[in-house]
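Student: Structure file structure.csv (CSV, C-alpha atoms) is given on the next line.
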chain,number,residue,atom,x,y,z
H,1,MET,CA,-16.3,43.3,-1.8
H,2,LYS,CA,-19.0,41.0,-0.4
H,3,HIS,CA,-20.2,40.1,-3.9
H,4,LYS,CA,-16.5,39.4,-4.9
H,5,TYR,CA,-16.1,36.9,-2.2
H,6,LEU,CA,-19.5,35.3,-2.8
H,7,THR,CA,-18.5,34.7,-6.4
H,8,LEU,CA,-15.1,33.3,-5.3
H,9,TYR,CA,-16.7,30.8,-2.9
H,10,ALA,CA,-19.4,29.8,-5.4
H,11,PHE,CA,-16.8,28.9,-8.1
H,12,SER,CA,-14.4,27.4,-5.5
H,13,SER,CA,-17.2,25.1,-4.2
H,14,PHE,CA,-18.0,23.9,-7.8
H,15,LEU,CA,-14.5,22.7,-8.4
H,16,LEU,CA,-14.3,21.2,-4.9
H,17,ALA,CA,-17.5,19.3,-5.3
H,18,ALA,CA,-16.3,17.8,-8.6
H,19,GLY,CA,-13.0,17.1,-7.1
H,20,LEU,CA,-14.6,15.2,-4.1
H,21,LEU,CA,-14.6,12.3,-6.4
H,22,PHE,CA,-11.6,12.8,-8.6
H,23,ALA,CA,-9.4,15.7,-9.7
H,24,SER,CA,-6.4,17.7,-10.3
H,25,ILE,CA,-3.5,19.1,-12.2
H,26,ILE,CA,-0.6,18.3,-9.9
H,27,LYS,CA,2.7,20.1,-10.1
H,28,ALA,CA,4.4,18.1,-7.3
H,29,GLU,CA,5.0,14.7,-8.7
H,30,PRO,CA,6.2,11.7,-6.6
H,31,THR,CA,9.8,10.7,-6.7
H,32,ALA,CA,11.5,7.4,-7.4
H,33,ILE,CA,9.2,6.3,-10.2
H,34,ALA,CA,10.3,3.3,-12.1
H,35,ARG,CA,7.3,2.2,-14.1
H,36,THR,CA,4.2,4.0,-15.6
H,37,THR,CA,1.2,2.0,-16.8
H,38,THR,CA,-2.0,3.2,-18.4
H,39,LEU,CA,-5.0,1.0,-17.7
H,40,HIS,CA,-8.6,1.0,-18.8
H,41,PRO,CA,-9.8,4.1,-16.9
H,42,GLY,CA,-12.5,2.3,-15.0
H,43,GLU,CA,-10.8,-0.9,-14.0
H,44,TYR,CA,-7.7,-2.4,-12.4
H,45,SER,CA,-5.7,-5.3,-13.8
H,46,SER,CA,-6.5,-7.0,-10.5
H,47,PHE,CA,-9.1,-5.8,-8.0
H,48,ARG,CA,-9.6,-6.0,-4.3
H,49,LEU,CA,-12.7,-4.6,-2.6
H,50,GLU,CA,-10.7,-3.8,0.5
H,51,GLY,CA,-7.2,-4.2,1.8
H,52,ASP,CA,-4.1,-2.2,2.6
H,53,ILE,CA,-5.1,1.4,1.5
H,54,ARG,CA,-1.5,2.1,0.5
H,55,ARG,CA,-2.2,0.2,-2.7
H,56,PHE,CA,-3.6,3.4,-4.1
H,57,ILE,CA,-0.2,5.1,-3.9
H,58,GLY,CA,0.8,6.1,-7.4
H,59,GLU,CA,-2.7,6.3,-8.9
H,60,THR,CA,-3.7,9.6,-10.6
H,61,LEU,CA,-7.2,10.2,-12.0
H,62,HIS,CA,-7.7,12.9,-14.6
H,63,ILE,CA,-11.0,14.5,-15.3
H,64,ASP,CA,-12.7,17.0,-17.5
H,65,ILE,CA,-15.3,19.4,-16.1
H,66,SER,CA,-18.2,21.1,-18.0
H,67,PHE,CA,-20.9,23.5,-16.9
H,68,LEU,CA,-23.5,25.7,-18.5
H,69,TRP,CA,-22.8,25.5,-22.3
H,70,PHE,CA,-19.0,25.1,-21.9
H,71,ASP,CA,-17.5,21.7,-22.5
H,72,ASN,CA,-14.2,20.9,-20.8
H,73,ALA,CA,-14.1,24.3,-19.2
H,74,ALA,CA,-11.8,23.1,-16.4
H,75,ALA,CA,-9.3,20.3,-15.9
H,76,ALA,CA,-8.4,18.4,-12.8
H,77,ARG,CA,-6.7,15.3,-11.4
H,78,VAL,CA,-6.2,13.7,-7.9
H,79,GLY,CA,-3.5,11.3,-6.7
H,80,LEU,CA,-2.2,9.6,-3.6
H,81,TYR,CA,1.6,9.7,-3.0
H,82,GLU,CA,4.4,9.0,-0.6
H,83,ASN,CA,7.6,11.0,-0.2
H,84,ASN,CA,10.3,10.4,2.5
H,85,GLY,CA,7.8,8.5,4.6
H,86,VAL,CA,5.0,11.1,4.3
H,87,LEU,CA,1.7,9.9,2.8
H,88,TYR,CA,-0.2,12.7,1.1
H,89,SER,CA,-2.8,13.5,-1.5
H,90,ILE,CA,-2.9,16.6,-3.7
H,91,LEU,CA,-5.8,18.0,-5.7
H,92,GLU,CA,-5.3,21.0,-7.9
H,93,ALA,CA,-7.8,22.2,-10.5
H,94,GLU,CA,-8.1,25.3,-12.8
H,95,THR,CA,-10.2,26.7,-15.5
H,96,LYS,CA,-8.7,26.9,-19.0
H,97,GLY,CA,-9.0,28.4,-22.5
H,98,PHE,CA,-11.8,30.9,-23.1
H,99,VAL,CA,-13.5,30.2,-19.7
H,100,GLY,CA,-10.1,30.5,-18.0
H,101,PHE,CA,-9.5,34.0,-19.5
H,102,PHE,CA,-12.9,35.3,-18.3
H,103,THR,CA,-12.5,33.7,-14.8
H,104,ALA,CA,-9.0,35.0,-14.1
H,105,TYR,CA,-7.7,31.5,-14.5
H,106,ARG,CA,-9.0,30.3,-11.1
H,107,LYS,CA,-6.7,27.7,-9.5
H,108,HIS,CA,-7.7,25.5,-6.6
H,109,PHE,CA,-5.2,23.6,-4.5
H,110,TYR,CA,-5.9,21.0,-1.8
H,111,LYS,CA,-3.4,18.9,0.1
H,112,ALA,CA,-3.9,16.5,2.9
H,113,THR,CA,-1.3,14.5,4.9
H,114,PHE,CA,-2.3,11.2,6.5
H,115,ASP,CA,-1.7,8.6,9.1
H,116,VAL,CA,-2.6,5.0,8.2
H,117,VAL,CA,-4.9,3.5,10.8
H,118,ASP,CA,-7.2,0.5,11.4
H,119,ASP,CA,-4.5,-2.1,10.4
H,120,GLY,CA,-3.8,-0.3,7.2
H,121,LYS,CA,-7.4,-0.1,6.1
H,122,ARG,CA,-8.0,3.7,6.6
H,123,LEU,CA,-6.5,7.1,6.1
H,124,ARG,CA,-6.8,9.6,9.0
H,125,SER,CA,-6.1,13.2,8.2
H,126,LYS,CA,-3.2,14.9,10.0
H,127,THR,CA,-3.4,18.2,8.0
H,128,PHE,CA,-5.6,19.6,5.3
H,129,GLU,CA,-4.9,22.7,3.3
H,130,ARG,CA,-7.2,24.5,0.8
H,131,LYS,CA,-6.1,27.4,-1.3
H,132,VAL,CA,-8.1,29.3,-4.0
H,133,ILE,CA,-6.3,31.8,-6.3
H,134,ILE,CA,-8.3,34.2,-8.5
H,135,GLY,CA,-6.1,36.6,-10.3
H,136,ASP,CA,-4.0,38.2,-7.6
H,137,MET,CA,-6.3,37.3,-4.7
H,138,ALA,CA,-5.6,34.2,-2.6
H,139,ASP,CA,-7.9,32.6,0.0
H,140,SER,CA,-6.6,29.7,2.1
H,141,THR,CA,-7.7,27.6,5.0
H,142,ASN,CA,-5.4,25.3,7.0
H,143,HIS,CA,-6.5,22.6,9.4
H,144,SER,CA,-4.5,20.4,11.7
H,145,PHE,CA,-5.7,17.3,13.7
H,146,ASP,CA,-4.1,15.9,16.9
H,147,TYR,CA,-5.8,12.7,17.9
H,148,LYS,CA,-3.7,12.3,21.0
H,149,SER,CA,-5.1,15.5,22.5
H,150,ARG,CA,-8.3,15.2,20.4
H,151,THR,CA,-7.8,18.8,19.1
H,152,HIS,CA,-8.7,20.3,15.7
H,153,LYS,CA,-7.1,23.7,15.0
H,154,TRP,CA,-7.7,25.9,11.9
H,155,LYS,CA,-7.0,29.3,10.5
H,156,LYS,CA,-8.3,31.2,7.5
H,157,ILE,CA,-6.1,33.7,5.5
H,158,ILE,CA,-7.2,36.0,2.7
H,159,ASP,CA,-4.6,38.0,0.8
H,160,GLY,CA,-2.1,37.4,3.5
H,161,GLU,CA,-4.3,38.5,6.4
H,162,MET,CA,-5.6,36.0,9.0
H,163,ILE,CA,-9.3,36.7,9.4
H,164,GLU,CA,-10.3,33.7,11.5
H,165,ASN,CA,-8.7,31.0,13.7
H,166,GLY,CA,-9.9,28.6,16.3
H,167,ASP,CA,-9.8,25.1,17.8
H,168,ARG,CA,-12.3,22.5,18.9
H,169,ILE,CA,-12.4,19.1,20.6
H,170,ILE,CA,-12.6,16.1,18.3
H,171,PRO,CA,-15.3,13.8,19.9
H,172,LEU,CA,-14.2,10.3,21.0
H,173,GLY,CA,-14.8,7.7,18.3
H,174,VAL,CA,-15.0,10.4,15.6
H,175,ASN,CA,-12.6,11.2,12.8
H,176,PHE,CA,-12.8,14.5,10.9
H,177,ASP,CA,-12.1,13.1,7.4
H,178,ASP,CA,-11.3,15.7,4.8
H,179,ILE,CA,-12.6,15.2,1.2
H,180,LEU,CA,-9.4,13.5,0.1
H,181,ALA,CA,-9.5,11.0,3.0
H,182,VAL,CA,-13.2,10.3,2.2
H,183,PHE,CA,-12.3,9.6,-1.4
H,184,TYR,CA,-9.9,6.8,-0.6
H,185,ASN,CA,-11.5,5.5,2.5
H,186,PHE,CA,-14.8,4.9,0.7
H,187,ARG,CA,-13.1,3.1,-2.1
H,188,ASN,CA,-11.5,0.8,0.5
H,189,ASN,CA,-14.7,-0.1,2.3
H,190,ALA,CA,-13.6,1.8,5.4
H,191,TYR,CA,-17.1,3.1,6.1
H,192,GLY,CA,-18.8,-0.3,5.5
H,193,LYS,CA,-19.2,-2.8,2.8
H,194,VAL,CA,-19.9,-1.3,-0.6
H,195,LYS,CA,-23.0,-2.9,-2.0
H,196,LYS,CA,-26.2,-1.8,-3.8
H,197,GLY,CA,-28.8,-0.3,-1.4
H,198,ALA,CA,-26.2,0.5,1.3
H,199,LYS,CA,-26.2,3.8,3.2
H,200,TYR,CA,-23.3,5.6,5.0
H,201,THR,CA,-22.9,8.6,7.3
H,202,ILE,CA,-19.4,10.0,7.2
H,203,HIS,CA,-18.0,12.6,9.6
H,204,THR,CA,-16.2,15.4,7.9
H,205,ILE,CA,-14.5,18.7,8.9
H,206,PRO,CA,-17.2,20.8,10.6
H,207,GLU,CA,-18.2,23.7,8.3
H,208,LYS,CA,-21.0,26.2,9.2
H,209,GLY,CA,-22.6,23.9,11.7
H,210,GLU,CA,-22.7,20.8,9.5
H,211,ASP,CA,-20.3,17.9,9.8
H,212,GLU,CA,-21.7,14.9,7.9
H,213,ILE,CA,-21.7,13.5,4.4
H,214,LYS,CA,-24.5,11.0,3.6
H,215,VAL,CA,-24.0,8.5,0.8
H,216,HIS,CA,-26.6,6.1,-0.6
H,217,ILE,CA,-25.8,3.4,-3.2
H,218,ILE,CA,-28.9,3.1,-5.3
H,219,ASN,CA,-30.4,-0.3,-5.4
H,220,ARG,CA,-30.5,-2.4,-8.6
H,221,ASP,CA,-34.1,-1.7,-9.5
H,222,GLU,CA,-33.8,2.1,-9.2
H,223,GLN,CA,-30.4,2.0,-10.9
H,224,SER,CA,-31.7,0.1,-13.9
H,225,GLY,CA,-34.3,2.8,-14.7
H,226,PHE,CA,-31.7,5.5,-14.4
H,227,MET,CA,-29.2,3.6,-16.5
H,228,SER,CA,-31.8,3.1,-19.3
H,229,LYS,CA,-32.7,6.8,-19.2
H,230,ASN,CA,-29.0,7.8,-19.5
H,231,LYS,CA,-28.1,5.0,-22.1
H,232,ARG,CA,-25.9,3.0,-19.7
H,233,ASN,CA,-26.1,-0.7,-19.7
H,234,ASN,CA,-23.4,-2.1,-17.4
H,235,GLY,CA,-25.4,-3.5,-14.4
H,236,GLU,CA,-22.2,-4.0,-12.4
H,237,GLU,CA,-21.6,-0.2,-12.1
H,238,PHE,CA,-22.7,1.7,-9.0
H,239,LEU,CA,-24.9,4.7,-8.9
H,240,LEU,CA,-24.3,6.8,-5.8
H,241,LYS,CA,-26.3,9.7,-4.4
H,242,ALA,CA,-24.4,11.9,-1.9
H,243,ILE,CA,-25.8,14.7,0.2
H,244,ILE,CA,-23.2,17.2,1.1
H,245,PRO,CA,-23.7,20.1,3.5
H,246,LYS,CA,-25.2,22.8,1.3
H,247,GLU,CA,-23.1,25.6,2.8
H,248,ILE,CA,-19.9,23.9,2.0
H,249,PHE,CA,-20.5,23.3,-1.7
H,250,ASN,CA,-22.9,26.2,-2.3
H,251,THR,CA,-25.7,24.2,-3.8
H,252,ASP,CA,-29.5,24.4,-3.4
H,253,THR,CA,-29.8,20.8,-2.2
H,254,GLY,CA,-26.3,19.5,-1.6
H,255,GLU,CA,-27.0,16.6,-3.9
H,256,LEU,CA,-24.5,14.8,-6.1
H,257,LEU,CA,-25.0,11.8,-8.4
H,258,PHE,CA,-22.0,9.8,-9.5
H,259,TRP,CA,-21.3,6.6,-11.3
H,260,THR,CA,-18.4,4.4,-10.3
H,261,SER,CA,-17.1,1.4,-12.2
H,262,ARG,CA,-17.4,-2.1,-10.6
H,263,HIS,CA,-13.9,-1.4,-9.4
H,264,LEU,CA,-15.0,1.7,-7.6
H,265,ILE,CA,-13.3,4.1,-9.9
H,266,PRO,CA,-15.5,7.2,-10.4
H,267,LEU,CA,-16.5,7.7,-14.1
H,268,GLU,CA,-19.0,10.6,-14.1
H,269,THR,CA,-20.4,13.1,-11.6
H,270,THR,CA,-23.4,15.4,-11.7
H,271,VAL,CA,-23.6,18.2,-9.1
H,272,LYS,CA,-27.3,19.0,-8.9
H,273,ASN,CA,-28.6,22.6,-8.8
H,274,TYR,CA,-25.3,24.3,-8.3
H,275,ILE,CA,-25.9,28.0,-7.4
H,276,LEU,CA,-25.2,30.3,-10.4
H,277,PHE,CA,-24.2,27.3,-12.7
H,278,GLY,CA,-27.1,24.8,-12.7
H,279,ASP,CA,-26.1,21.2,-13.0
H,280,LEU,CA,-22.4,20.6,-13.3
H,281,HIS,CA,-20.8,17.5,-15.0
H,282,ALA,CA,-17.4,15.9,-14.5
H,283,LYS,CA,-16.1,13.0,-16.5
H,284,LEU,CA,-13.1,10.7,-16.0
H,285,ASN,CA,-10.6,11.3,-18.8
H,286,ARG,CA,-7.9,8.7,-17.9
H,287,ARG,CA,-6.3,6.8,-15.1
H,288,ILE,CA,-2.5,6.6,-14.7
H,289,PHE,CA,-0.7,4.4,-12.3
H,290,ARG,CA,3.0,4.9,-11.4
H,291,SER,CA,4.8,2.3,-9.4
H,292,SER,CA,8.3,1.6,-8.2
H,293,GLU,CA,7.7,-2.1,-8.2
Let me see the file written as structure tokens.
Tutor:
Amino acid sequence: MKHKYLTLYAFSSFLLAAGLLFASIIKAEPTAIARTTTLHPGEYSSFRLEGDIRRFIGETLHIDISFLWFDNAAAARVGLYENNGVLYSILEAETKGFVGFFTAYRKHFYKATFDVVDDGKRLRSKTFERKVIIGDMADSTNHSFDYKSRTHKWKKIIDGEMIENGDRIIPLGVNFDDILAVFYNFRNNAYGKVKKGAKYTIHTIPEKGEDEIKVHIINRDEQSGFMSKNKRNNGEEFLLKAIIPKEIFNTDTGELLFWTSRHLIPLETTVKNYILFGDLHAKLNRRIFRSSE
């Protein structure tokens, strides 16, 4: 049984790490959609480095995930939506085809609800839910955050049985940003101005004694060498190195490398030294934007 859960968490963490940047097959689509546009996957028709974070509502990013010798072994997409005044993001990913058959068609579902704070610049998590389904086994964790009482509560359920629950105080001046909040907040400069050479420390939901994500945007000189090595030639793109708590994503180093377009849309991700799988690769397939305007 211990080996069974170790395998579950390893594979779950793989899809979660890739989905940190973009992901998911979403079954709950937003309502009241009047127009759908398909743009160049890495750019907006108009671009703002920062502003009202609600401008991301209606955007869906689709990705393909490959690992070992399997190309496009999983599919994913992530989007930000609003329904009846509730702002939320959903991430859902699953293996497919041959790989899906031999992995019991693992499905990974993540949902966060948000308040908009800092004069519309930032998302702050109200709830965060993670569920992993492998065959007939389900593993879920639910978090809630009350910033009036500064309380974080959580519970963990496996196959319908609650195996853990607890609460902690949220320190003053700290937000526990889940991975979906981090994704949009970073793209809106909420953690500081996005520029080459910049470094950021982001507080995330505490997990096994670690509660920080560190991000470094590689400077132009180092980036140029990497771009040449990987046959990329757009100097306006950003190369980011992120260090994620190792226990959360089950990697040897916790290191991720990812490219974003000059408009901060993630294009490719490499999860380094992932346990049992080696380096993992995720690539943006397309970007869809739905608007009621």
Student: Hey, which of H:Ile244, H:Leu257, H:Ile157, H:Ala181 ends up closest to Asp115 of chain H? Count all atoms listed in the file.
Tutor: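 The closest residue to Asp115 of chain H is H:Ala181.
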Student: Which segment 169-194 of chain H residues have any atom within 12 Å of an atom of segment 79-84 of chain H, and for each, what is the nearest pair of atoms with distance in Å to one decimal, counting all atoms listed in the file, rows sorted by chain and number, as a Markdown table?
Tutor:
| residue | atom | partner | partner_atom | distance |
| --- | --- | --- | --- | --- |
| H:Leu180 | CA | H:Leu80 | CA | 9.0 |
| H:Ala181 | CA | H:Leu80 | CA | 9.9 |
| H:Phe183 | CA | H:Leu80 | CA | 10.3 |
| H:Tyr184 | CA | H:Leu80 | CA | 8.7 |
| H:Asn185 | CA | H:Leu80 | CA | 11.9 |
Student: What's around Lys121 of chain H at 10 Å? Count all atoms listed in the file, leave out sequence neighbours fewer than 4 positions away in its own chain, and write the answer as a list in words.
Tutor: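 In the requested format, the answer is Glu50, Gly51, Asp52, Ile53, Arg54, Val116, Val117, Tyr184, Asn185, Asn188, Asn189 and Ala190 of chain H.
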Student: Keeping only C-alpha atoms, write the selected residues to a file as a tab-separated table (two decimals), in the frame of the given file.
Tutor:
chain	number	residue	atom	x	y	z
H	50	GLU	CA	-10.70	-3.80	0.50
H	51	GLY	CA	-7.20	-4.20	1.80
H	52	ASP	CA	-4.10	-2.20	2.60
H	53	ILE	CA	-5.10	1.40	1.50
H	54	ARG	CA	-1.50	2.10	0.50
H	116	VAL	CA	-2.60	5.00	8.20
H	117	VAL	CA	-4.90	3.50	10.80
H	184	TYR	CA	-9.90	6.80	-0.60
H	185	ASN	CA	-11.50	5.50	2.50
H	188	ASN	CA	-11.50	0.80	0.50
H	189	ASN	CA	-14.70	-0.10	2.30
H	190	ALA	CA	-13.60	1.80	5.40
Student: Suppose you want the space between atom CA of Gly254 of chain H and atom CA of His203 of chain H; what is it in Å?
Tutor: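 According to the coordinates, atom CA of Gly254 of chain H and atom CA of His203 of chain H are separated by 15.6 Å.
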Student: Work out how far apart atom CA of Pro171 of chain H and atom CA of Leu123 of chain H are and give it in Å to one decimal.
Tutor: 17.7 Å
Student: Around (-6.6, 8.2, 12.0) in the file's own coordinates, what residues are found within 10 Å if you use only C-alpha atoms, given back as an MDAnalysis selection string?
Tutor: chainID H and resid 114:118 122:126 145:147 174:177 181
Student: Name all residues at most 6 Å from Lys131 of chain H (count all atoms listed in the file; drop same-chain ones fewer than 3 positions away) and give them as a PyMOL selection string.
Tutor: chain H and resi 108-109+139-140
Student: To one decimal place in Å, what is the distance between atom CA of Lys155 of chain H and atom CA of Phe128 of chain H?
Tutor: 11.1 Å
Student: Using all atoms listed in the file, find the one residue out of H:Glu212, H:Glu207, H:Asp71, H:Asp159 that sits nearest to Gly135 of chain H.
Tutor: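 Of H:Glu212, H:Glu207, H:Asp71, H:Asp159, the one nearest Gly135 of chain H, counting all atoms listed in the file, is H:Asp159.
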Student: Give one line per residue of segment 169-245 of chain H that approaches segment 263-268 of chain H to at most 9 Å, naming the two atoms of the closest pair and their distance in Å to one decimal, counting only C-alpha atoms; sort by chain then ascending residue number and deliver it as a tab-separated table.
Tutor:
residue	atom	partner	partner_atom	distance
H:Phe186	CA	H:Leu264	CA	8.9
H:Arg187	CA	H:Leu264	CA	6.0
H:Asn188	CA	H:Leu264	CA	8.9
H:Glu237	CA	H:Leu264	CA	8.2
H:Phe238	CA	H:Leu264	CA	7.8
Student: For Ile170 of chain H, which residue among H:Asp119, H:Asp211, H:Glu59, H:Asp64 is the nearest when counting all atoms listed in the file?
Tutor: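 Nearest candidate to Ile170 of chain H out of H:Asp119, H:Asp211, H:Glu59, H:Asp64: H:Asp211.
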Student: For the point (-23.7, 10.6, -10.5) in file coordinates, what residues are within 7 Å, counting only C-alpha atoms? Give the answer as a ChimeraX atom specification?
Tutor: /H:239-241,256-259,268-270
Student: Hey, which of H:Val215, H:Thr113, H:Ile288, H:Thr60 ends up closest to Val86 of chain H? Count all atoms listed in the file.
Tutor: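 Looking only at the distances to Val86 of chain H, the closest residue turns out to be H:Thr113.
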Student: Tell me, as a list of chain:residue names, which residues lie within 7 Å of Lys214 of chain H, counting all atoms listed in the file; anything in the same chain fewer than 3 positions away does not count.
Tutor: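 The residues that qualify are H:Tyr200, H:Thr201, H:Ile202, H:Ala242, H:Ile243, H:Ile244.
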